[in-house]
Amino acid sequence: MTTVTTRTAPAATRRRRRRNALIGWSFVLPNLLGFAALTLVPVAGTFVVAFTDWDSYSTPKWVGLANFRRMRHDDNFWTALQNTCWYAAGHIPLTLAASLGLAVLLNQKLRGVGILRTAFFFPYVTSLVAVAVVWNMLLSPDIGPVNQLLRHLGWSHPPGWTTSTDWSLPALIATSVWRDMGYYMVLFLAGLQTIPAELYEAARMDGAGPWARFRHVTMPGLRPTTFFVTVMLTISSFKVFDLVQVMTEGGPGRSTLVLSQLIFREGITHGRFGYSSAVSLALFVIVLAVTLAQFQIQRRSER
Amino acid sequence: MNTTAPGRERPRTTPAPAPPTAAAVSRRHTGHAAGRALLYLFLVLLTTAILLPFVWMAISSVKADRDVFTVPIEWVPKSYRWRNFTDIWKQIPLATYLGNSLLLSAVITFLQVLTGSFAAYGFAKVRFPGRDALFLGYIATIAVPWQAYMVPQYIIMDKLGLVNTRWSLILIQAFGAFGVFLMRQFYLTIPDEISEAARLDGLSEYGIWARIILPLSKPALASLALLTFVNTWNDYMGPFIYLTDNDLWTVQIGLRSFIGQYDAQYAMIMAGSVISVVPILVIFLLGQRYFVRGIATTGIKG
């Protein structure tokens with residue numbers, strides 16, 4: 001069915017279109033109702049509430065940009081923004097490299113490769129609380145196994161990890177890379193399957209070694225996947241919450257306070273809906289800007 | 001390193017390349033065998049390193065508290081304290097938590113699969129005005145961080161009187177865009193001729209969905225169901241925000257609060273962690289290939 005208007009049987013076409021529209025909407029409706037009420041409306045709500053002084057006990061009043069001016073002078077906001085950016089700057093490239101490396105290694109005909117893939121994937125499936133608990137104990141500064149090992153290797157004063165303001169963010173990044181790399185490995189494996197084997201054969205005929213094949217066949221072939229993974233990693237890095245909340249609760253001090261925690265604290269803990277929505281909007285704009293920039297770079301490099 | 005091996009799922013459409021000469025084969029073979037052995041060794045070490053936290057968790061869960069952090073680490077406990085696994089049920093209402101997690105995960109998974117696949121059929125196989133714009137709206141919200149609209153969502157739930165009830169979590173998770181997106185991706189791979197033929201046979205669109213498309217999409221349904229179940233089971237932030245009543249808590253919240261209260265009961269905490277992971281481990285191992293397929297489907301079209 002096309003959009004071309006036919007003059008021969010307008011009534012029949014129109015009737016069929018109407019019938020189709022009705023059927024189409026009837027399929028979509030059960031999901032759409034819940035989705036609109038609890039996702040689309042709140043998304044729109046953020047844009048409105050951010051410009052009001054609404055808190056849990058007063059009636060909302062339009063205050064224009066007041067919340068954003070307040071944000072500019074809020075230390076917590078700048079700390080959270082900085083921490084979120086540092087987290088993203090560590091998490092995105094490390095996870096990208098680890099998952100790509102794993103995918104290339106595990107995309108071979110090896111006996112038991114399925115078991116290995118499953119093993120790497122498992123941390124992603126496990127409950128975050130259990131993972132956070134185990135890592136917090138592993139990284140325990142005095143008696144934790146990680147520092148035991150580091151001392152054994154000759155580092156006499158290893159970092160305090162989640163108890164140190166300098167090392168808490170690196171500790172979170174390490175845990176999150178460990179947890180996420182299996183997931184993105186699966187995406188890369190799917191991407192690798194789309195590269196024709198003949199390309200590798202041809203490269204080999206031309207005398208290309210493993211590294212040359214990786215650079216000139218694998219990397220270009222994986223470009224769409226790499227782009228997609230980067231975008232997904234960006235979005236997930238900027239909205240990190242669970243891991244931080246369970247492992248460090250933003251501390252020690254404010255060393256791991258991230259934007260999503262600030263939104264949560266301001267909005268749900270303190271009931272400052274207006275200000276919290278303004279921070280939400282800032283987070284949204286940042287994610288959008290970074291993602292659009294990535295699309296732009298991607299498009300330019302394709303030309 | 002040999003990166004040319006095609007994946008098992010890849011259809012072989014081209015003829016195999018001409019066999020290399022015998023000398024080339026033997027040359028490649030020796031280098032190959034040593035390289036392979038090294039590769040295996042590397043991979044096995046890497047896998048062990050990745051899984052070590054779980055091994056440590058499992059071992060610690062059957063130790064006495066004072067034996068969890070010994071220097072050096074006891075990888076084989078001198079004595080096994082299986083009592084940890086019975087004692088923990090007396091300290092926290094773990095059965096209630098597990099029941100709540102199970103109930104929420106099952107209901108949300110059922111609704112997500114049902115309404116998601118139903119809507120996906122509308123998006124993939126029926127043409128109607130406004131369809132593409134609406135679908136774009138669905139996709140766009142996947143990219144919006146939940147934190148960006150969690151406060152208005154909370155206000156709505158509050159006004160509806162649903163905060164601190166299971167309904168809040170069911171409503172916000174069961175009608176997500178993810179299920180619609182995943183199922184639509186799959187339906188697009190089913191040729192239109194199949195539904196066309198069914199239409200000519202006089203089946204209604206609902207009949208086509210129920211009797212033709214659903215049976216054909218069992219693998220995708222399994223993927224969606226498993227991913228949703230695991231995500232809901234492991235969700236921390238949702239229950240953390242919406243559930244304040246201890247009776248409604250899920251395993252994740254219960255475990256977290258147990259840790260806060262009984263800081264030094266290391267072994268018991270590990271036992272609780274093991275109990276929270278085992279159901280997922282079982283589900284994951286049973287449905288492993290559906291997980292991978294589901295993730296690959298949602299990712300590949302990027």
# chains A, B, ... in the order shown; residues from 1 in each chain; ligands from 1

$ residues_around --residues "Phe85 (chain B)" --least-positions-apart "6" --cutoff "12 Å" --atoms "only C-alpha atoms" --output "ChimeraX atom specification"
/B:58,60-64,91-92,94,267-276

$ residues_around --residues "Leu116 (chain A)" --least-positions-apart "6" --cutoff "9 Å" --atoms "only C-alpha atoms" --output "list in words"
Leu106 of chain A; Leu43, Val44 and Thr47 of chain B

$ write_last_selection --atoms "N, CA and C atoms" --output "PDB file, in the first residue's frame"
ATOM      1  N   LEU A 106      37.608 -13.916  20.955  1.00  0.00           N
ATOM      2  CA  LEU A 106      36.632 -15.007  21.093  1.00  0.00           C
ATOM      3  C   LEU A 106      35.825 -15.244  19.822  1.00  0.00           C
TER       4      LEU A 106
ATOM      5  N   LEU B  43      43.599 -16.975  27.376  1.00  0.00           N
ATOM      6  CA  LEU B  43      42.150 -16.882  27.561  1.00  0.00           C
ATOM      7  C   LEU B  43      41.703 -17.530  28.865  1.00  0.00           C
ATOM      8  N   VAL B  44      42.308 -18.652  29.187  1.00  0.00           N
ATOM      9  CA  VAL B  44      41.919 -19.340  30.415  1.00  0.00           C
ATOM     10  C   VAL B  44      42.298 -18.489  31.632  1.00  0.00           C
ATOM     11  N   THR B  47      39.838 -15.588  31.799  1.00  0.00           N
ATOM     12  CA  THR B  47      38.534 -16.029  32.289  1.00  0.00           C
ATOM     13  C   THR B  47      38.567 -16.238  33.799  1.00  0.00           C
TER      14      THR B  47
END

$ closest_residue --among "B:Phe110, B:Phe175, B:Tyr290, B:Phe240" --to "Ala220 (chain B)" --atoms "only C-alpha atoms"
B:Tyr290

$ residues_around --residues "region 201-214 of chain B" --least-positions-apart "2" --cutoff "8 Å" --atoms "only C-alpha atoms" --output "PyMOL selection string"
(chain A and resi 23) or (chain B and resi 118+121+187+195+197-199+216-218)

$ residues_around --residues "region 275-283 of chain A" --least-positions-apart "3" --cutoff "7 Å" --atoms "only C-alpha atoms" --output "list in words"
Thr46, Phe47, Val49, Ala50, Asn67, Phe68, Ile263, Glu266, Gly267, Arg272, Ile286 and Val287 of chain A; Gln147, Ala148 and Val151 of chain B

$ closest_residue --among "B:Leu281, B:Val180, B:Met157, B:Leu102" --to "Leu136 (chain B)" --atoms "only C-alpha atoms"
B:Val180

$ residues_around --residues "region 39-41 of chain A" --least-positions-apart "2" --cutoff "12 Å" --atoms "only C-alpha atoms" --output "JSON, numbers by chain"
{"A": [31, 32, 33, 34, 35, 36, 37, 43, 44, 45, 46, 47, 48, 49], "B": [134, 137, 138, 139, 140, 141, 142, 144, 145, 146, 147, 148, 149, 150, 151, 152, 153, 154, 155, 156, 157, 171, 172, 173, 174, 175, 176, 177]}

$ atom_distance --atom1 "CA of Ala88 (chain A)" --atom2 "CA of Met232 (chain A)"
11.6 Å

$ closest_residue --among "B:Arg83, B:Lys78, B:Arg256, B:Lys90" --to "chain A" --atoms "only C-alpha atoms"
B:Arg256

$ closest_residue --among "B:Pro191, B:Gly260, B:Pro93, B:Gly122" --to "chain A" --atoms "only C-alpha atoms"
B:Gly122

$ residues_around --residues "Ala119 (chain B)" --least-positions-apart "3" --cutoff "9 Å" --atoms "only C-alpha atoms" --output "NGL selection string"
(:A and (24-32)) or (:B and (114-116 or 122-124 or 180 or 183-184))

$ write_last_selection --atoms "all heavy atoms" --output "compact mmCIF listing (two decimals), in the first residue's frame"
# COMPACT_ATOMS: atom_id res chain seq x y z
N GLY A 24 -4.15 -0.68 13.31
CA GLY A 24 -2.80 -0.32 13.74
C GLY A 24 -2.79 0.26 15.14
O GLY A 24 -2.06 -0.21 16.02
N TRP A 25 -3.65 1.25 15.34
CA TRP A 25 -3.69 1.89 16.67
C TRP A 25 -4.14 0.91 17.73
O TRP A 25 -3.69 0.98 18.87
CB TRP A 25 -4.59 3.12 16.64
CG TRP A 25 -3.91 4.30 16.01
CD1 TRP A 25 -4.03 4.70 14.71
CD2 TRP A 25 -2.97 5.18 16.63
NE1 TRP A 25 -3.23 5.79 14.48
CE2 TRP A 25 -2.57 6.11 15.63
CE3 TRP A 25 -2.42 5.28 17.91
CZ2 TRP A 25 -1.65 7.13 15.89
CZ3 TRP A 25 -1.52 6.29 18.17
CH2 TRP A 25 -1.13 7.20 17.16
N SER A 26 -5.03 -0.01 17.37
CA SER A 26 -5.51 -0.96 18.37
C SER A 26 -4.38 -1.88 18.84
O SER A 26 -4.35 -2.32 19.99
CB SER A 26 -6.68 -1.78 17.85
OG SER A 26 -6.23 -2.76 16.95
N PHE A 27 -3.44 -2.16 17.95
CA PHE A 27 -2.29 -2.98 18.35
C PHE A 27 -1.37 -2.21 19.30
O PHE A 27 -0.84 -2.74 20.27
CB PHE A 27 -1.48 -3.41 17.12
CG PHE A 27 -1.92 -4.71 16.54
CD1 PHE A 27 -2.65 -4.75 15.36
CD2 PHE A 27 -1.61 -5.90 17.17
CE1 PHE A 27 -3.07 -5.96 14.82
CE2 PHE A 27 -2.02 -7.12 16.63
CZ PHE A 27 -2.76 -7.14 15.46
N VAL A 28 -1.18 -0.95 18.96
CA VAL A 28 -0.20 -0.16 19.68
C VAL A 28 -0.74 0.31 21.04
O VAL A 28 0.01 0.48 21.99
CB VAL A 28 0.21 1.04 18.79
CG1 VAL A 28 1.15 1.96 19.51
CG2 VAL A 28 0.85 0.53 17.51
N LEU A 29 -2.05 0.48 21.09
CA LEU A 29 -2.66 1.15 22.24
C LEU A 29 -2.36 0.58 23.63
O LEU A 29 -1.99 1.35 24.51
CB LEU A 29 -4.17 1.26 22.02
CG LEU A 29 -4.79 2.53 22.61
CD1 LEU A 29 -4.15 3.77 21.99
CD2 LEU A 29 -6.29 2.55 22.40
N PRO A 30 -2.48 -0.72 23.84
CA PRO A 30 -2.26 -1.21 25.22
C PRO A 30 -0.90 -0.80 25.76
O PRO A 30 -0.80 -0.35 26.90
CB PRO A 30 -2.35 -2.73 25.08
CG PRO A 30 -3.15 -2.96 23.86
CD PRO A 30 -2.85 -1.82 22.93
N ASN A 31 0.12 -0.91 24.94
CA ASN A 31 1.44 -0.51 25.40
C ASN A 31 1.56 1.01 25.46
O ASN A 31 2.11 1.56 26.40
CB ASN A 31 2.50 -1.09 24.45
CG ASN A 31 3.91 -0.90 24.98
OD1 ASN A 31 4.47 0.17 24.85
ND2 ASN A 31 4.44 -1.93 25.61
N LEU A 32 0.98 1.65 24.45
CA LEU A 32 1.11 3.11 24.36
C LEU A 32 0.51 3.82 25.56
O LEU A 32 1.08 4.79 26.06
CB LEU A 32 0.46 3.61 23.06
CG LEU A 32 0.55 5.12 22.81
CD1 LEU A 32 1.99 5.54 22.65
CD2 LEU A 32 -0.26 5.51 21.59
N LEU B 114 3.87 -9.46 26.44
CA LEU B 114 2.54 -9.43 25.83
C LEU B 114 2.29 -8.10 25.11
O LEU B 114 2.05 -8.08 23.89
CB LEU B 114 1.47 -9.64 26.91
CG LEU B 114 0.05 -9.76 26.39
CD1 LEU B 114 -0.14 -11.11 25.70
CD2 LEU B 114 -0.96 -9.61 27.53
N THR B 115 2.38 -7.00 25.82
CA THR B 115 2.04 -5.71 25.18
C THR B 115 3.13 -5.30 24.19
O THR B 115 2.85 -4.68 23.18
CB THR B 115 1.87 -4.58 26.22
OG1 THR B 115 3.14 -4.27 26.81
CG2 THR B 115 0.89 -4.96 27.29
N GLY B 116 4.38 -5.68 24.49
CA GLY B 116 5.47 -5.33 23.59
C GLY B 116 5.33 -6.01 22.24
O GLY B 116 5.44 -5.38 21.20
N GLY B 122 1.87 -4.04 15.34
CA GLY B 122 1.31 -2.82 14.75
C GLY B 122 2.38 -1.99 14.06
O GLY B 122 2.19 -1.51 12.95
N PHE B 123 3.53 -1.87 14.72
CA PHE B 123 4.60 -1.04 14.16
C PHE B 123 5.27 -1.68 12.96
O PHE B 123 5.73 -1.00 12.05
CB PHE B 123 5.65 -0.74 15.23
CG PHE B 123 5.26 0.36 16.17
CD1 PHE B 123 5.20 0.14 17.53
CD2 PHE B 123 4.95 1.63 15.68
CE1 PHE B 123 4.83 1.16 18.40
CE2 PHE B 123 4.59 2.65 16.54
CZ PHE B 123 4.53 2.42 17.90
N ALA B 124 5.36 -3.01 12.95
CA ALA B 124 6.12 -3.67 11.89
C ALA B 124 5.26 -4.07 10.69
O ALA B 124 5.73 -4.05 9.56
CB ALA B 124 6.83 -4.90 12.44
N VAL B 180 8.99 -3.31 22.79
CA VAL B 180 8.44 -2.95 21.49
C VAL B 180 9.56 -2.92 20.46
O VAL B 180 9.44 -3.47 19.36
CB VAL B 180 7.77 -1.55 21.56
CG1 VAL B 180 7.24 -1.15 20.20
CG2 VAL B 180 6.66 -1.55 22.59
N MET B 183 11.04 -6.56 19.73
CA MET B 183 10.13 -7.41 18.95
C MET B 183 9.96 -6.88 17.54
O MET B 183 9.87 -7.65 16.59
CB MET B 183 8.78 -7.51 19.66
CG MET B 183 8.79 -8.30 20.95
SD MET B 183 9.63 -9.89 20.86
CE MET B 183 8.56 -10.78 19.74
N ARG B 184 9.91 -5.56 17.38
CA ARG B 184 9.76 -5.00 16.04
C ARG B 184 10.97 -5.37 15.18
O ARG B 184 10.82 -5.76 14.02
CB ARG B 184 9.63 -3.48 16.10
CG ARG B 184 9.50 -2.86 14.72
CD ARG B 184 9.37 -1.36 14.80
NE ARG B 184 9.48 -0.75 13.48
CZ ARG B 184 10.61 -0.36 12.94
NH1 ARG B 184 11.75 -0.55 13.58
NH2 ARG B 184 10.63 0.19 11.74

$ atom_distance --atom1 "CA of Val68 (chain B)" --atom2 "CA of Pro170 (chain A)"
24.7 Å

$ closest_residue --among "B:Leu200, B:Leu224, B:Leu104, B:Met57" --to "chain A" --atoms "only C-alpha atoms"
B:Met57

$ closest_residue --among "A:Gln148, A:Thr218, A:Gln245, A:Thr13" --to "Val258 (chain A)" --atoms "only C-alpha atoms"
A:Gln245

$ atom_distance --atom1 "CA of Gln185 (chain B)" --atom2 "CA of Gly294 (chain B)"
10.1 Å

$ select_by_dssp --residues "region 106-273 of chain B" --states "alpha helix (DSSP H)" --output "number ranges by chain"
B: 106-125, 131-143, 150-159, 166-174, 177-187, 192-200, 205-208, 214-216, 218-234, 237-242, 251-261, 266-273
